[in-house]
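Notes to accompany the following structure.
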Amino acid sequence: MAAIPTQRDTDAPPGERRGRATLPGSPLAPGSARALLRAALAEAPGVPARLADDALAVVSELVTNAVVHAGTDVEIDWLLEETGAFLVEVRDRHPSRAPRDPHAGEAPYDVPEHGRGLRLVTTLAESWGVTYRTGAKTVWARLPPGGSDAPDGPAPGPALEVAEELAPQPPRADGDRDWLGRGALSFLAEASDLLAGQLDENLVAALTGQLIVPRLADWCAVWLEDEASVRGGAAGGPARVWHAGEARTEELRCALEKEPPCPRHGLRSGPEPYPWPGRALGPQDAHGTALSYRLIAGGRPLGTLVVGRSGPMGFPDEITGLVEDLGRRVALAIGAARRYARQATISAVLQRGLLPGAVAEIPGMRSALVHEPCDRGGPSGDFYDLFPAGDGRWCFAVGDVQGKGPEAAVVIGLARPWLRLLAREGYGVADVLDRLNQLLLGDATEAADAAARALVAAGGRPPASGDGPQTRFLSLLYGELTPHDGGVRCTLACAGHPLPLVLGPDGGVRTAARPQTLLGVVEDETYTSETLELRPGDSLLCVTDGVTERRSGSRQFDDGDGLARALAGCAGLGAEPIAERIRRLVHDFGDGPPEDDLALLVLQAE
């Protein structure tokens, strides 16, 4: 998530510290805001722990309200005054929507997806308010020095183990009242962080059960709905059930699945009464209270949450409100996980369509390739191909499109078929690049811009700077192979791409082309090709910049001819061992995983 990091303002008076951050209006914004503020307060000497906790909770809730109600970028300004008081302002770009006051009531079908809102701010702040300006709304709050006088609660824990730490079992009645102070606020803030990081809806459901049982209820159940079950009017699919006494879980699940909740008020998050499954719980828990909450995000029902408490006491109003707030966060997390799953599926289909189903086998040559997209959830900007072109010729390509995602996929989807078509029509290497260059300056740019506009309209990402068409650059290494007695004739051209290297049987390494201009940059560019002979034992290595520009601190893998030295160490190896060794060396060069797509092709004459 892009953000302007919180910084100390050098113009602040002595003894005061201030900072500012701008965050995209997404469900991850509250967690990012907490992380930025937590780091900033840690650098400020003498900030009481209670004030820091209060500041994090208030900032989290104000950002949550801004994201849900406005959906625009969120600006955060904070000031730690010399007196020790803390002032925060959260600004969005949707002035017509005010934060909801939970004490004012809401219409039955109004389903705001907010946090604890003014209830929390009122609890922790000594004063707060809303300021409207043209095109913007600012909600501010001032916290007293030392923080509020709410009772201390459990410290937040750092997945399923964390969920249990966030929700330890309290004594009922008095325990509820004590915990519903600061402890409940910490619980909700940390639960938001925990849920926001999950990209699997089943794990979100599992975390929900761990968070609720036994802290808020004796048992709970989650039904996740698809479109078919929504049209049917009842919760669909199997129930995911948790009980404080694990021995009762299976019997309770069987009972609940026979009577799934049927929401009576459409798009309302609840709570609604649910029949008590006393027969499944045994005589000691024959009576109790169960409530049903609709899980709604973006105006769509995603599932239903049912919670139950044994005994005559039922649920205090504060607990029902807390579960409702948690349910909204669960719904947002489920919605985000489903969007990610849809995008991952689309990307996988795109990726399969952009790459050849199989590479050609060339007489008298061995080949090996490695292709590793950096973003597992999106199409890669790198591509490759190896195909027969007729008349005893085979052609290969390794390319890298500017950018990633749908725009890059459109360019690859045009470039790769054109390469095959032109090659099979008999065009030489240089002519293929000339014509592909013209294509990129026309049809490919238009199609990629259309894809970018469609992605923005669908909410996939914010628009890039500038509204006009953007040129789509393509770096490409393209060549033609003609096997013959005694070796393989290779004609190739390199357009703005890392130069190919040839490894001889004796370990000598040489470059095999000269650099030329990127495709899609200069309209009247004329490309040229070069021809070399690959003798038996010679290996041609073609890579993308994900290999050469792999970083380790300030150093890159190809600094000081690093790739050539790595290739020289592969003397005597076959095509596949060479590819694997280079891949491993690239991965081992940096501390973390590669930050760019990686592709390499090895062609070895036998």
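How things are named: the first chain in the structure tokens is A, the next is B, and so on; residues count from 1 in each chain; ligands count from 1 in the order shown.
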Q: Pull the strand (DSSP E) assignments for range 470-532 of chain A out of DSSP run on the backbone, and list those residues as a PyMOL selection string.
A: chain A and resi 474-484+487-495+501-503+509-511+515-516+530-532
Q: Rounded to one decimal place, report the CA of Gly46 in chain A-CA of Arg17 in chain A distance in Å.
A: 12.1 Å
Q | Residue contacts of Leu481 in chain A (9 Å, only C-alpha atoms) excluding same-chain residues fewer than 3 positions away, as a list in words | A | Ile362, Gly392, Arg393, Trp394, Cys395, Phe396, Val488, Arg489, Cys490, Thr491 and Leu492 of chain A
Write the residues you've just listed into a file as a PDB file, in the first residue's frame, and include C-alpha atoms for each of them.
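This is the output file selection.pdb:
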```
ATOM      1  CA  ILE A 362      14.612 -28.552 -32.064  1.00  0.00           C
ATOM      2  CA  GLY A 392      13.652 -26.057 -41.304  1.00  0.00           C
ATOM      3  CA  ARG A 393      13.585 -22.938 -39.108  1.00  0.00           C
ATOM      4  CA  TRP A 394      12.720 -22.514 -35.426  1.00  0.00           C
ATOM      5  CA  CYS A 395      12.222 -19.151 -33.725  1.00  0.00           C
ATOM      6  CA  PHE A 396      12.629 -18.086 -30.106  1.00  0.00           C
ATOM      7  CA  VAL A 488      23.096 -24.444 -35.555  1.00  0.00           C
ATOM      8  CA  ARG A 489      22.974 -21.115 -37.397  1.00  0.00           C
ATOM      9  CA  CYS A 490      21.441 -18.439 -35.133  1.00  0.00           C
ATOM     10  CA  THR A 491      20.220 -15.081 -36.449  1.00  0.00           C
ATOM     11  CA  LEU A 492      19.033 -12.717 -33.727  1.00  0.00           C
TER      12      LEU A 492
END
```
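One distance worth recording is that between CA of Glu190 in chain A and CA of Leu56 in chain A, which is 10.4 Å.
Closest approach to Leu598 in chain A among A:Cys254, A:Ala136, A:Leu386, A:Cys542: A:Cys542, based on only C-alpha atoms.
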Q: Mind checking which residues fall within 12 Å of Ala605 in chain A, counting only C-alpha atoms, ignoring those fewer than 5 positions away in the same chain, and posting them as number ranges by chain?
A: A: 362-367, 481-490, 502-505, 533-541, 574-575
Q) Got a sec: who's within 9 Å of Arg581 in chain A, counting only C-alpha atoms, leaving out chain neighbours fewer than 6 positions off, as number ranges by chain? A) A: 566-567, 570
Could you write out the selected residues, including N, CA, C and O atoms, as a short mmCIF file (atom, residue, chain, number, x, y, z; two decimals), in the first residue's frame?
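Final output, saved to out-v4.cif:
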```
data_model
loop_
_atom_site.label_atom_id
_atom_site.label_comp_id
_atom_site.auth_asym_id
_atom_site.auth_seq_id
_atom_site.Cartn_x
_atom_site.Cartn_y
_atom_site.Cartn_z
N ALA A 566 28.90 -15.92 -13.73
CA ALA A 566 28.08 -17.04 -13.29
C ALA A 566 27.94 -18.08 -14.39
O ALA A 566 27.99 -19.29 -14.13
N LEU A 567 27.78 -17.61 -15.64
CA LEU A 567 27.64 -18.54 -16.76
C LEU A 567 28.94 -19.30 -17.00
O LEU A 567 28.94 -20.50 -17.33
N CYS A 570 29.36 -22.53 -15.38
CA CYS A 570 28.48 -23.62 -15.80
C CYS A 570 29.09 -24.46 -16.92
O CYS A 570 28.41 -25.27 -17.54
#
```
Q | Given only C-alpha atoms as the counted atoms, nearest of A:Asn437, A:Ala35, A:Leu195, A:Pro577 to Val521 in chain A | A | A:Asn437
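Coordinates place CA of Gly381 in chain A at a distance of 5.6 Å from CA of Ala408 in chain A.
Residue nearest Arg584 in chain A, chosen from A:Gln210, A:Asp200, A:Arg264, A:Val370 and counting only C-alpha atoms: A:Val370.
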Find the residues around Ser292 in chain A up to 7 Å (only C-alpha atoms counted), leave out those fewer than 3 positions away in its own chain, and share them as a PDB file with N, CA and C atoms, in the first residue's frame.
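Listed below is the output, around19.pdb:
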```
ATOM      1  N   GLY A 270     -28.076  -7.053  11.384  1.00  0.00           N
ATOM      2  CA  GLY A 270     -28.567  -7.731  12.581  1.00  0.00           C
ATOM      3  C   GLY A 270     -28.438  -6.858  13.813  1.00  0.00           C
ATOM      4  N   PRO A 271     -28.599  -7.471  14.984  1.00  0.00           N
ATOM      5  CA  PRO A 271     -28.851  -8.898  15.215  1.00  0.00           C
ATOM      6  C   PRO A 271     -30.343  -9.270  15.097  1.00  0.00           C
ATOM      7  N   GLU A 272     -30.589 -10.553  14.791  1.00  0.00           N
ATOM      8  CA  GLU A 272     -31.931 -11.102  14.756  1.00  0.00           C
ATOM      9  C   GLU A 272     -31.962 -12.357  15.619  1.00  0.00           C
ATOM     10  N   PRO A 273     -33.082 -12.639  16.272  1.00  0.00           N
ATOM     11  CA  PRO A 273     -33.173 -13.859  17.101  1.00  0.00           C
ATOM     12  C   PRO A 273     -33.030 -15.115  16.247  1.00  0.00           C
ATOM     13  N   TYR A 274     -32.405 -16.127  16.835  1.00  0.00           N
ATOM     14  CA  TYR A 274     -32.231 -17.417  16.174  1.00  0.00           C
ATOM     15  C   TYR A 274     -32.671 -18.502  17.154  1.00  0.00           C
ATOM     16  N   THR A 304     -23.611 -15.507   6.923  1.00  0.00           N
ATOM     17  CA  THR A 304     -24.347 -15.257   8.163  1.00  0.00           C
ATOM     18  C   THR A 304     -23.526 -15.771   9.335  1.00  0.00           C
ATOM     19  N   LEU A 305     -23.516 -14.994  10.397  1.00  0.00           N
ATOM     20  CA  LEU A 305     -22.850 -15.356  11.639  1.00  0.00           C
ATOM     21  C   LEU A 305     -23.909 -15.550  12.716  1.00  0.00           C
ATOM     22  N   VAL A 306     -23.874 -16.683  13.410  1.00  0.00           N
ATOM     23  CA  VAL A 306     -24.785 -16.939  14.524  1.00  0.00           C
ATOM     24  C   VAL A 306     -23.954 -17.175  15.774  1.00  0.00           C
ATOM     25  N   VAL A 307     -24.297 -16.495  16.859  1.00  0.00           N
ATOM     26  CA  VAL A 307     -23.599 -16.664  18.137  1.00  0.00           C
ATOM     27  C   VAL A 307     -24.604 -17.090  19.191  1.00  0.00           C
TER      28      VAL A 307
END
```
